[in-house]
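Chemist: Structure file input_6.pdb (PDB, C-alpha atoms) right here:
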```pdb
ATOM      1  CA  MET S   2      -8.407 -13.938  -6.959
ATOM      2  CA  THR S   3      -8.713 -17.540  -5.771
ATOM      3  CA  ASP S   4      -6.135 -19.012  -3.421
ATOM      4  CA  ASP S   5      -5.852 -21.754  -0.823
ATOM      5  CA  THR S   6      -8.341 -19.983   1.454
ATOM      6  CA  PHE S   7     -11.163 -21.419  -0.636
ATOM      7  CA  ALA S   8     -11.609 -25.113  -1.350
ATOM      8  CA  ARG S   9     -11.463 -26.008  -5.043
ATOM      9  CA  LEU S  10     -14.250 -28.476  -5.464
ATOM     10  CA  PRO S  11     -15.770 -30.601  -8.213
ATOM     11  CA  GLU S  12     -19.346 -30.119  -9.351
ATOM     12  CA  PRO S  13     -21.954 -31.264  -6.796
ATOM     13  CA  PRO S  14     -23.059 -33.593  -5.413
ATOM     14  CA  TYR S  15     -20.432 -34.013  -2.707
ATOM     15  CA  TRP S  16     -20.542 -33.882   1.085
ATOM     16  CA  ALA S  17     -19.759 -31.249   3.679
ATOM     17  CA  VAL S  18     -19.002 -31.504   7.385
ATOM     18  CA  VAL S  19     -19.794 -28.198   9.089
ATOM     19  CA  PHE S  20     -17.964 -27.954  12.418
ATOM     20  CA  SER S  21     -18.921 -24.895  14.497
ATOM     21  CA  SER S  22     -16.970 -24.502  17.707
ATOM     22  CA  ARG S  23     -16.072 -22.082  20.442
ATOM     23  CA  ARG S  24     -12.616 -22.049  22.013
ATOM     24  CA  ARG S  25     -12.257 -21.666  25.769
ATOM     25  CA  THR S  26      -9.358 -19.268  25.346
ATOM     26  CA  ALA S  27      -7.971 -17.060  22.627
ATOM     27  CA  ASP S  28      -5.196 -18.223  20.323
ATOM     28  CA  PRO S  29      -1.709 -16.869  20.798
ATOM     29  CA  PRO S  30      -0.503 -14.158  20.926
ATOM     30  CA  ASP S  31      -3.538 -13.154  22.996
ATOM     31  CA  GLY S  32      -3.576 -16.341  25.039
ATOM     32  CA  PRO S  33      -1.274 -19.126  26.173
ATOM     33  CA  ASP S  34      -0.277 -21.773  23.618
ATOM     34  CA  ASP S  35      -2.426 -24.769  24.521
ATOM     35  CA  GLY S  36      -1.346 -26.790  21.496
ATOM     36  CA  TYR S  37      -4.486 -26.030  19.533
ATOM     37  CA  GLY S  38      -2.868 -24.386  16.513
ATOM     38  CA  ALA S  39      -0.385 -27.178  15.907
ATOM     39  CA  ALA S  40      -3.082 -29.829  16.351
ATOM     40  CA  ALA S  41      -5.458 -28.043  13.962
ATOM     41  CA  ASP S  42      -2.726 -27.845  11.307
ATOM     42  CA  ARG S  43      -1.923 -31.506  11.854
ATOM     43  CA  MET S  44      -5.591 -32.506  11.445
ATOM     44  CA  VAL S  45      -5.804 -30.671   8.106
ATOM     45  CA  ARG S  46      -2.694 -32.462   6.847
ATOM     46  CA  LEU S  47      -3.970 -35.821   8.100
ATOM     47  CA  ALA S  48      -7.445 -35.373   6.592
ATOM     48  CA  SER S  49      -5.908 -34.279   3.280
ATOM     49  CA  GLY S  50      -4.317 -37.701   2.931
ATOM     50  CA  TYR S  51      -7.645 -39.512   3.104
ATOM     51  CA  ASP S  52      -9.337 -40.870   0.002
ATOM     52  CA  GLY S  53     -12.348 -38.740  -0.768
ATOM     53  CA  PHE S  54     -11.058 -35.566   0.924
ATOM     54  CA  LEU S  55     -11.915 -32.663  -1.388
ATOM     55  CA  GLY S  56     -10.953 -29.542   0.523
ATOM     56  CA  ILE S  57     -11.422 -27.451   3.657
ATOM     57  CA  GLU S  58     -12.371 -23.883   4.596
ATOM     58  CA  SER S  59     -11.844 -22.612   8.112
ATOM     59  CA  THR S  60     -11.939 -19.393  10.070
ATOM     60  CA  ARG S  61     -12.262 -18.162  13.644
ATOM     61  CA  GLY S  62     -13.131 -14.741  14.965
ATOM     62  CA  PRO S  63     -11.592 -12.840  17.865
ATOM     63  CA  ASP S  64     -14.459 -14.024  20.124
ATOM     64  CA  GLY S  65     -13.225 -17.621  19.821
ATOM     65  CA  PHE S  66     -16.136 -18.799  17.668
ATOM     66  CA  GLY S  67     -15.051 -20.628  14.520
ATOM     67  CA  VAL S  68     -16.484 -22.538  11.591
ATOM     68  CA  THR S  69     -14.575 -25.217   9.693
ATOM     69  CA  VAL S  70     -16.172 -26.867   6.668
ATOM     70  CA  SER S  71     -14.490 -29.924   5.211
ATOM     71  CA  TYR S  72     -15.652 -31.384   1.910
ATOM     72  CA  TRP S  73     -15.768 -35.083   1.027
ATOM     73  CA  SER S  74     -16.755 -37.267  -1.891
ATOM     74  CA  SER S  75     -19.017 -39.598   0.109
ATOM     75  CA  PRO S  76     -20.399 -40.473   3.566
ATOM     76  CA  GLU S  77     -18.012 -43.450   3.587
ATOM     77  CA  ALA S  78     -15.044 -41.086   3.262
ATOM     78  CA  ILE S  79     -16.373 -39.028   6.191
ATOM     79  CA  ARG S  80     -16.765 -42.160   8.313
ATOM     80  CA  ALA S  81     -13.233 -43.321   7.553
ATOM     81  CA  TRP S  82     -11.885 -39.929   8.663
ATOM     82  CA  ARG S  83     -14.073 -39.954  11.777
ATOM     83  CA  ASP S  84     -12.659 -43.357  12.729
ATOM     84  CA  ASP S  85      -9.010 -42.355  12.220
ATOM     85  CA  VAL S  86      -7.202 -43.183  15.473
ATOM     86  CA  GLU S  87      -5.201 -39.944  15.704
ATOM     87  CA  HIS S  88      -8.271 -37.878  14.791
ATOM     88  CA  THR S  89     -10.284 -39.640  17.491
ATOM     89  CA  ARG S  90      -7.567 -38.939  20.078
ATOM     90  CA  THR S  91      -7.406 -35.289  19.023
ATOM     91  CA  ARG S  92     -11.196 -34.944  19.364
ATOM     92  CA  GLU S  93     -10.847 -36.203  22.936
ATOM     93  CA  THR S  94      -8.173 -33.587  23.609
ATOM     94  CA  GLY S  95     -10.457 -30.970  22.089
ATOM     95  CA  ARG S  96     -13.228 -31.831  24.540
ATOM     96  CA  ALA S  97     -10.818 -31.971  27.472
ATOM     97  CA  ARG S  98      -8.940 -28.788  26.719
ATOM     98  CA  TRP S  99      -9.845 -26.536  23.774
ATOM     99  CA  TYR S 100     -13.600 -26.218  23.268
ATOM    100  CA  ASP S 101     -16.499 -25.257  25.475
ATOM    101  CA  HIS S 102     -19.128 -26.086  22.850
ATOM    102  CA  TYR S 103     -19.327 -27.457  19.339
ATOM    103  CA  GLU S 104     -21.886 -28.538  16.771
ATOM    104  CA  LEU S 105     -21.241 -30.829  13.834
ATOM    105  CA  ARG S 106     -23.522 -31.219  10.809
ATOM    106  CA  VAL S 107     -23.055 -33.662   7.963
ATOM    107  CA  ALA S 108     -24.683 -32.496   4.755
ATOM    108  CA  ARG S 109     -24.969 -33.420   1.099
ATOM    109  CA  VAL S 110     -24.130 -30.449  -1.141
ATOM    110  CA  GLU S 111     -26.664 -30.236  -3.957
ATOM    111  CA  ARG S 112     -25.780 -26.938  -5.635
ATOM    112  CA  ALA S 113     -22.800 -24.578  -5.617
ATOM    113  CA  TYR S 114     -21.922 -21.160  -7.069
ATOM    114  CA  GLY S 115     -18.849 -18.993  -6.932
ATOM    115  CA  TRP S 116     -18.016 -15.396  -7.732
ATOM    116  CA  ASP S 117     -14.743 -13.551  -8.130
ATOM    117  CA  VAL S 118     -14.080  -9.834  -8.468
ATOM    118  CA  ALA S 119     -11.802 -10.547 -11.436
ATOM    119  CA  GLY S 120     -14.862 -11.833 -13.333
TER     120      GLY S 120
ATOM    121  CA  MET Q  24     -22.816 -23.174  27.698
ATOM    122  CA  THR Q  25     -24.991 -22.568  24.667
ATOM    123  CA  ASP Q  26     -25.869 -19.053  23.566
ATOM    124  CA  ASP Q  27     -26.877 -17.187  20.432
ATOM    125  CA  THR Q  28     -23.522 -17.901  18.794
ATOM    126  CA  PHE Q  29     -24.792 -21.366  17.872
ATOM    127  CA  ALA Q  30     -27.973 -22.002  15.927
ATOM    128  CA  ARG Q  31     -30.574 -24.034  17.834
ATOM    129  CA  LEU Q  32     -31.875 -26.432  15.251
ATOM    130  CA  PRO Q  33     -34.447 -29.203  14.998
ATOM    131  CA  GLU Q  34     -33.476 -32.773  14.250
ATOM    132  CA  PRO Q  35     -32.282 -33.332  10.644
ATOM    133  CA  PRO Q  36     -33.119 -33.316   7.853
ATOM    134  CA  TYR Q  37     -32.971 -29.576   7.183
ATOM    135  CA  TRP Q  38     -30.956 -27.423   4.773
ATOM    136  CA  ALA Q  39     -27.794 -25.360   5.073
ATOM    137  CA  VAL Q  40     -26.417 -22.546   2.929
ATOM    138  CA  VAL Q  41     -22.647 -22.307   3.400
ATOM    139  CA  PHE Q  42     -21.398 -18.875   2.327
ATOM    140  CA  SER Q  43     -17.589 -18.539   2.330
ATOM    141  CA  SER Q  44     -16.305 -15.086   1.477
ATOM    142  CA  ARG Q  45     -13.305 -12.846   1.606
ATOM    143  CA  ARG Q  46     -13.595  -9.153   2.355
ATOM    144  CA  ARG Q  47     -11.563  -6.636   0.360
ATOM    145  CA  THR Q  48     -10.784  -4.647   3.477
ATOM    146  CA  ALA Q  49     -10.812  -5.219   7.214
ATOM    147  CA  ASP Q  50     -13.810  -4.287   9.353
ATOM    148  CA  PRO Q  51     -13.624  -1.238  11.584
ATOM    149  CA  PRO Q  52     -11.759  -0.291  13.704
ATOM    150  CA  ASP Q  53      -8.939  -1.576  11.465
ATOM    151  CA  GLY Q  54     -10.465  -0.278   8.248
ATOM    152  CA  PRO Q  55     -12.871   2.357   7.003
ATOM    153  CA  ASP Q  56     -16.603   1.761   7.573
ATOM    154  CA  ASP Q  57     -17.877   0.672   4.166
ATOM    155  CA  GLY Q  58     -21.349  -0.167   5.424
ATOM    156  CA  TYR Q  59     -20.690  -3.888   5.577
ATOM    157  CA  GLY Q  60     -21.381  -4.407   9.284
ATOM    158  CA  ALA Q  61     -24.737  -2.672   9.239
ATOM    159  CA  ALA Q  62     -25.783  -4.482   6.067
ATOM    160  CA  ALA Q  63     -24.754  -7.876   7.475
ATOM    161  CA  ASP Q  64     -26.790  -7.246  10.627
ATOM    162  CA  ARG Q  65     -29.740  -6.145   8.516
ATOM    163  CA  MET Q  66     -29.555  -9.303   6.378
ATOM    164  CA  VAL Q  67     -29.664 -11.508   9.485
ATOM    165  CA  ARG Q  68     -32.730  -9.671  10.765
ATOM    166  CA  LEU Q  69     -34.410  -9.842   7.367
ATOM    167  CA  ALA Q  70     -33.660 -13.558   6.871
ATOM    168  CA  SER Q  71     -34.918 -14.305  10.388
ATOM    169  CA  GLY Q  72     -38.360 -13.099   9.384
ATOM    170  CA  TYR Q  73     -38.662 -15.616   6.545
ATOM    171  CA  ASP Q  74     -40.751 -18.764   6.883
ATOM    172  CA  GLY Q  75     -38.429 -21.722   7.145
ATOM    173  CA  PHE Q  76     -35.457 -19.796   8.571
ATOM    174  CA  LEU Q  77     -33.998 -21.964  11.345
ATOM    175  CA  GLY Q  78     -30.828 -20.181  12.453
ATOM    176  CA  ILE Q  79     -27.453 -18.798  11.463
ATOM    177  CA  GLU Q  80     -23.797 -19.141  12.488
ATOM    178  CA  SER Q  81     -21.211 -16.684  11.256
ATOM    179  CA  THR Q  82     -17.606 -15.745  11.850
ATOM    180  CA  ARG Q  83     -14.755 -13.932  10.146
ATOM    181  CA  GLY Q  84     -11.046 -13.991  10.904
ATOM    182  CA  PRO Q  85      -8.560 -11.107  10.926
ATOM    183  CA  ASP Q  86      -7.486 -12.040   7.367
ATOM    184  CA  GLY Q  87     -10.939 -11.091   6.040
ATOM    185  CA  PHE Q  88     -12.016 -14.660   5.270
ATOM    186  CA  GLY Q  89     -15.390 -15.566   6.743
ATOM    187  CA  VAL Q  90     -17.917 -18.376   6.797
ATOM    188  CA  THR Q  91     -21.639 -17.860   7.368
ATOM    189  CA  VAL Q  92     -23.951 -20.873   7.532
ATOM    190  CA  SER Q  93     -27.689 -20.253   7.484
ATOM    191  CA  TYR Q  94     -30.119 -23.091   8.155
ATOM    192  CA  TRP Q  95     -33.484 -23.571   6.481
ATOM    193  CA  SER Q  96     -36.386 -25.993   6.557
ATOM    194  CA  SER Q  97     -36.542 -26.559   2.784
ATOM    195  CA  PRO Q  98     -35.073 -25.591  -0.612
ATOM    196  CA  GLU Q  99     -38.226 -23.538  -1.213
ATOM    197  CA  ALA Q 100     -37.466 -21.424   1.848
ATOM    198  CA  ILE Q 101     -33.927 -20.847   0.553
ATOM    199  CA  ARG Q 102     -35.258 -19.798  -2.841
ATOM    200  CA  ALA Q 103     -37.718 -17.338  -1.306
ATOM    201  CA  TRP Q 104     -34.872 -15.738   0.668
ATOM    202  CA  ARG Q 105     -32.653 -15.652  -2.416
ATOM    203  CA  ASP Q 106     -35.389 -13.831  -4.334
ATOM    204  CA  ASP Q 107     -35.999 -11.227  -1.621
ATOM    205  CA  VAL Q 108     -35.639  -7.821  -3.281
ATOM    206  CA  GLU Q 109     -33.576  -6.186  -0.536
ATOM    207  CA  HIS Q 110     -31.365  -9.282  -0.244
ATOM    208  CA  THR Q 111     -30.795  -9.249  -4.001
ATOM    209  CA  ARG Q 112     -29.829  -5.568  -3.895
ATOM    210  CA  THR Q 113     -27.465  -6.200  -0.985
ATOM    211  CA  ARG Q 114     -25.777  -9.054  -2.866
ATOM    212  CA  GLU Q 115     -25.132  -6.632  -5.729
ATOM    213  CA  THR Q 116     -23.568  -4.174  -3.295
ATOM    214  CA  GLY Q 117     -21.461  -7.009  -1.909
ATOM    215  CA  ARG Q 118     -20.038  -7.766  -5.329
ATOM    216  CA  ALA Q 119     -19.484  -4.088  -6.104
ATOM    217  CA  ARG Q 120     -17.900  -3.131  -2.812
ATOM    218  CA  TRP Q 121     -17.254  -5.693  -0.065
ATOM    219  CA  TYR Q 122     -16.031  -9.017  -1.407
ATOM    220  CA  ASP Q 123     -13.230 -10.105  -3.675
ATOM    221  CA  HIS Q 124     -14.339 -13.725  -3.814
ATOM    222  CA  TYR Q 125     -17.120 -15.912  -2.479
ATOM    223  CA  GLU Q 126     -18.444 -19.450  -2.728
ATOM    224  CA  LEU Q 127     -21.953 -20.580  -1.893
ATOM    225  CA  ARG Q 128     -23.028 -24.182  -1.321
ATOM    226  CA  VAL Q 129     -26.564 -25.393  -0.711
ATOM    227  CA  ALA Q 130     -26.673 -28.652   1.222
ATOM    228  CA  ARG Q 131     -29.146 -31.003   2.855
ATOM    229  CA  VAL Q 132     -28.128 -31.762   6.447
ATOM    230  CA  GLU Q 133     -28.531 -35.472   7.126
ATOM    231  CA  ARG Q 134     -26.973 -35.888  10.583
ATOM    232  CA  ALA Q 135     -26.037 -33.573  13.432
ATOM    233  CA  TYR Q 136     -24.274 -33.849  16.787
ATOM    234  CA  GLY Q 137     -23.457 -31.372  19.517
ATOM    235  CA  TRP Q 138     -21.216 -31.307  22.559
ATOM    236  CA  ASP Q 139     -20.990 -28.978  25.527
ATOM    237  CA  VAL Q 140     -18.367 -28.783  28.254
ATOM    238  CA  ALA Q 141     -21.132 -28.682  30.872
ATOM    239  CA  GLY Q 142     -22.091 -32.217  29.830
TER     240      GLY Q 142
END
```
Show me this structure written as structure tokens.

Modeler:
Amino acid sequence: MTDDTFARLPEPPYWAVVFSSRRRTADPPDGPDDGYGAAADRMVRLASGYDGFLGIESTRGPDGFGVTVSYWSSPEAIRAWRDDVEHTRTRETGRARWYDHYELRVARVERAYGWDVAG
Amino acid sequence: MTDDTFARLPEPPYWAVVFSSRRRTADPPDGPDDGYGAAADRMVRLASGYDGFLGIESTRGPDGFGVTVSYWSSPEAIRAWRDDVEHTRTRETGRARWYDHYELRVARVERAYGWDVAG
């Protein structure tokens, strides 16, 4: 059963941006609404409009640690998204308000495999 | 504030295995204990003993979708871990019991950046 949770990607090679982060506070309803959820949704929509955007997979556990992997056709596409003015402003808000630590890795995907229970 | 949640990695290049998966059922205490938690912990310990293992970051949300990224020094190290007998057996159990879908991508990390609130 495949759905929008998983990115539907072409055959490699393509590129991945692995963004590992830890929130300072829990998401609602456990914590106050600090605007994070709406901004995260907005960033996905904005990135999706960029040439070379292939897909995104994202999750966060109850401890506030999350991993988001976005997939791109080229390093140039990743740079264009990095330089987006609204994205840049949102990253600044993230450092000021939402995260206590993050790591970002840019990688070239060489091989990929999938499996589904339906066979 | 860095802790064991984040992998402490050398300068690129190195390799990443991005494993995105969806569980069939929730982890305890919301669901029955199907052995997943213990097996996942065991796999981290086993992988950590392999030459070329650099670190791991892993999280899963309440919807059962999770992302685990393990980091390796070379494709050869990844292959050795893939061919581990206990790991192979555990993957078979995963397909039989724990997952309904997964995707695996092997990527060469070219650039990396980190940020911490402490500056």

Chemist: Please return, as a PyMOL selection string, all polymer residues that have at least one atom within 6 Å of the point (-23.8, -26.7, -5.3); use all atoms listed in the file and the file's own coordinate frame.

Modeler: (chain S and resi 13+110-113) or (chain Q and resi 128-129)

Chemist: What residues come out when you apply the PyMOL selection byres ((chain S) within 7 of (chain Q)) to this file, written as a ChimeraX atom specification?

Modeler: /S:2,60-62,66-68,101-118

Chemist: Quick one: superpose chain Q onto chain S using all C-alpha atoms paired in order, least squares, and give it to me as a CSV table (one decimal) with C-alpha atoms, keeping the file's coordinate frame.

Modeler:
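Contents of selection-v1.csv, as written:
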```csv
chain,number,residue,atom,x,y,z
Q,24,MET,CA,-8.4,-14.0,-7.0
Q,25,THR,CA,-8.7,-17.5,-5.8
Q,26,ASP,CA,-6.1,-19.0,-3.4
Q,27,ASP,CA,-5.9,-21.8,-0.8
Q,28,THR,CA,-8.3,-20.0,1.4
Q,29,PHE,CA,-11.2,-21.4,-0.6
Q,30,ALA,CA,-11.6,-25.1,-1.4
Q,31,ARG,CA,-11.5,-26.0,-5.1
Q,32,LEU,CA,-14.3,-28.5,-5.5
Q,33,PRO,CA,-15.8,-30.6,-8.2
Q,34,GLU,CA,-19.3,-30.1,-9.4
Q,35,PRO,CA,-22.0,-31.3,-6.8
Q,36,PRO,CA,-23.1,-33.6,-5.4
Q,37,TYR,CA,-20.4,-34.0,-2.7
Q,38,TRP,CA,-20.5,-33.9,1.1
Q,39,ALA,CA,-19.8,-31.2,3.7
Q,40,VAL,CA,-19.0,-31.5,7.4
Q,41,VAL,CA,-19.8,-28.2,9.1
Q,42,PHE,CA,-18.0,-28.0,12.4
Q,43,SER,CA,-18.9,-24.9,14.5
Q,44,SER,CA,-17.0,-24.5,17.7
Q,45,ARG,CA,-16.1,-22.1,20.4
Q,46,ARG,CA,-12.6,-22.0,22.0
Q,47,ARG,CA,-12.3,-21.7,25.8
Q,48,THR,CA,-9.4,-19.3,25.3
Q,49,ALA,CA,-8.0,-17.1,22.6
Q,50,ASP,CA,-5.2,-18.2,20.3
Q,51,PRO,CA,-1.7,-16.9,20.8
Q,52,PRO,CA,-0.5,-14.2,20.9
Q,53,ASP,CA,-3.5,-13.2,23.0
Q,54,GLY,CA,-3.6,-16.4,25.0
Q,55,PRO,CA,-1.3,-19.1,26.2
Q,56,ASP,CA,-0.3,-21.8,23.6
Q,57,ASP,CA,-2.4,-24.8,24.5
Q,58,GLY,CA,-1.4,-26.8,21.5
Q,59,TYR,CA,-4.5,-26.0,19.5
Q,60,GLY,CA,-2.9,-24.4,16.5
Q,61,ALA,CA,-0.4,-27.2,15.9
Q,62,ALA,CA,-3.1,-29.8,16.4
Q,63,ALA,CA,-5.5,-28.0,14.0
Q,64,ASP,CA,-2.7,-27.8,11.3
Q,65,ARG,CA,-1.9,-31.5,11.9
Q,66,MET,CA,-5.6,-32.5,11.5
Q,67,VAL,CA,-5.8,-30.7,8.1
Q,68,ARG,CA,-2.7,-32.5,6.9
Q,69,LEU,CA,-4.0,-35.8,8.1
Q,70,ALA,CA,-7.4,-35.4,6.6
Q,71,SER,CA,-5.9,-34.3,3.3
Q,72,GLY,CA,-4.3,-37.7,2.9
Q,73,TYR,CA,-7.6,-39.5,3.1
Q,74,ASP,CA,-9.3,-40.9,0.0
Q,75,GLY,CA,-12.3,-38.7,-0.8
Q,76,PHE,CA,-11.1,-35.6,0.9
Q,77,LEU,CA,-11.9,-32.7,-1.4
Q,78,GLY,CA,-10.9,-29.5,0.5
Q,79,ILE,CA,-11.4,-27.4,3.6
Q,80,GLU,CA,-12.4,-23.9,4.6
Q,81,SER,CA,-11.8,-22.6,8.1
Q,82,THR,CA,-12.0,-19.4,10.1
Q,83,ARG,CA,-12.3,-18.2,13.6
Q,84,GLY,CA,-13.1,-14.7,15.0
Q,85,PRO,CA,-11.6,-12.8,17.9
Q,86,ASP,CA,-14.5,-14.0,20.1
Q,87,GLY,CA,-13.2,-17.6,19.8
Q,88,PHE,CA,-16.1,-18.8,17.7
Q,89,GLY,CA,-15.1,-20.6,14.5
Q,90,VAL,CA,-16.5,-22.5,11.6
Q,91,THR,CA,-14.6,-25.2,9.7
Q,92,VAL,CA,-16.2,-26.9,6.7
Q,93,SER,CA,-14.5,-29.9,5.2
Q,94,TYR,CA,-15.6,-31.4,1.9
Q,95,TRP,CA,-15.8,-35.1,1.0
Q,96,SER,CA,-16.7,-37.3,-1.9
Q,97,SER,CA,-19.0,-39.6,0.1
Q,98,PRO,CA,-20.4,-40.5,3.6
Q,99,GLU,CA,-18.0,-43.4,3.6
Q,100,ALA,CA,-15.0,-41.1,3.3
Q,101,ILE,CA,-16.4,-39.0,6.2
Q,102,ARG,CA,-16.8,-42.1,8.3
Q,103,ALA,CA,-13.2,-43.3,7.6
Q,104,TRP,CA,-11.9,-39.9,8.7
Q,105,ARG,CA,-14.1,-40.0,11.8
Q,106,ASP,CA,-12.7,-43.4,12.7
Q,107,ASP,CA,-9.0,-42.4,12.2
Q,108,VAL,CA,-7.2,-43.2,15.5
Q,109,GLU,CA,-5.2,-40.0,15.7
Q,110,HIS,CA,-8.3,-37.9,14.8
Q,111,THR,CA,-10.3,-39.6,17.5
Q,112,ARG,CA,-7.6,-38.9,20.1
Q,113,THR,CA,-7.4,-35.3,19.0
Q,114,ARG,CA,-11.2,-34.9,19.4
Q,115,GLU,CA,-10.9,-36.2,22.9
Q,116,THR,CA,-8.2,-33.6,23.6
Q,117,GLY,CA,-10.5,-31.0,22.1
Q,118,ARG,CA,-13.2,-31.8,24.5
Q,119,ALA,CA,-10.8,-32.0,27.5
Q,120,ARG,CA,-8.9,-28.8,26.7
Q,121,TRP,CA,-9.9,-26.5,23.8
Q,122,TYR,CA,-13.6,-26.2,23.3
Q,123,ASP,CA,-16.5,-25.3,25.5
Q,124,HIS,CA,-19.1,-26.1,22.9
Q,125,TYR,CA,-19.3,-27.5,19.4
Q,126,GLU,CA,-21.9,-28.5,16.8
Q,127,LEU,CA,-21.2,-30.8,13.8
Q,128,ARG,CA,-23.5,-31.2,10.8
Q,129,VAL,CA,-23.0,-33.7,8.0
Q,130,ALA,CA,-24.7,-32.5,4.7
Q,131,ARG,CA,-25.0,-33.4,1.1
Q,132,VAL,CA,-24.1,-30.5,-1.1
Q,133,GLU,CA,-26.7,-30.2,-4.0
Q,134,ARG,CA,-25.8,-26.9,-5.6
Q,135,ALA,CA,-22.8,-24.6,-5.6
Q,136,TYR,CA,-21.9,-21.2,-7.1
Q,137,GLY,CA,-18.9,-19.0,-6.9
Q,138,TRP,CA,-18.0,-15.4,-7.7
Q,139,ASP,CA,-14.8,-13.5,-8.1
Q,140,VAL,CA,-14.1,-9.8,-8.5
Q,141,ALA,CA,-11.8,-10.5,-11.4
Q,142,GLY,CA,-14.9,-11.8,-13.3
```

Chemist: Go ahead and compute the interatomic distance for atom CA of S:Ser71 and atom CA of S:Gly56, in Å to one decimal.

Modeler: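 Separation of atom CA of S:Ser71 and atom CA of S:Gly56: 5.9 Å.
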
Chemist: Give me the residues near stretch 82-92 of chain S as a list in words, where near means some atom within 8 Å (using all atoms listed in the file) and where sequence neighbours in that chain fewer than 4 positions away do not count.

Modeler: Ala40, Met44, Ala48, Tyr51, Ala78 and Arg96 of chain S

Chemist: Can you translate the PyMOL selection byres ((chain S and resi 52) around 9) into the concrete residues it hits in this file, as a PyMOL selection string?

Modeler: chain S and resi 48-51+53-55+73-74+78+81

Chemist: One decimal, in Å: what's the spacing between atom CA of Q:Ile101 and atom CA of S:Ile79?

Modeler: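 Atom-to-atom, atom CA of Q:Ile101 to atom CA of S:Ile79, that is 25.9 Å.
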
Chemist: I need the output of the PyMOL selection byres ((chain S and resi 36) around 12) for this file as number ranges by chain; which residues are they?

Modeler: S: 26-29, 32-35, 37-43, 91, 94-95, 98-99

Chemist: How many Å lie between atom CA of Q:Glu34 and atom CA of S:Tyr72, rounded to one decimal?

Modeler: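 Atom-to-atom, atom CA of Q:Glu34 and atom CA of S:Tyr72 are spaced 21.7 Å apart.
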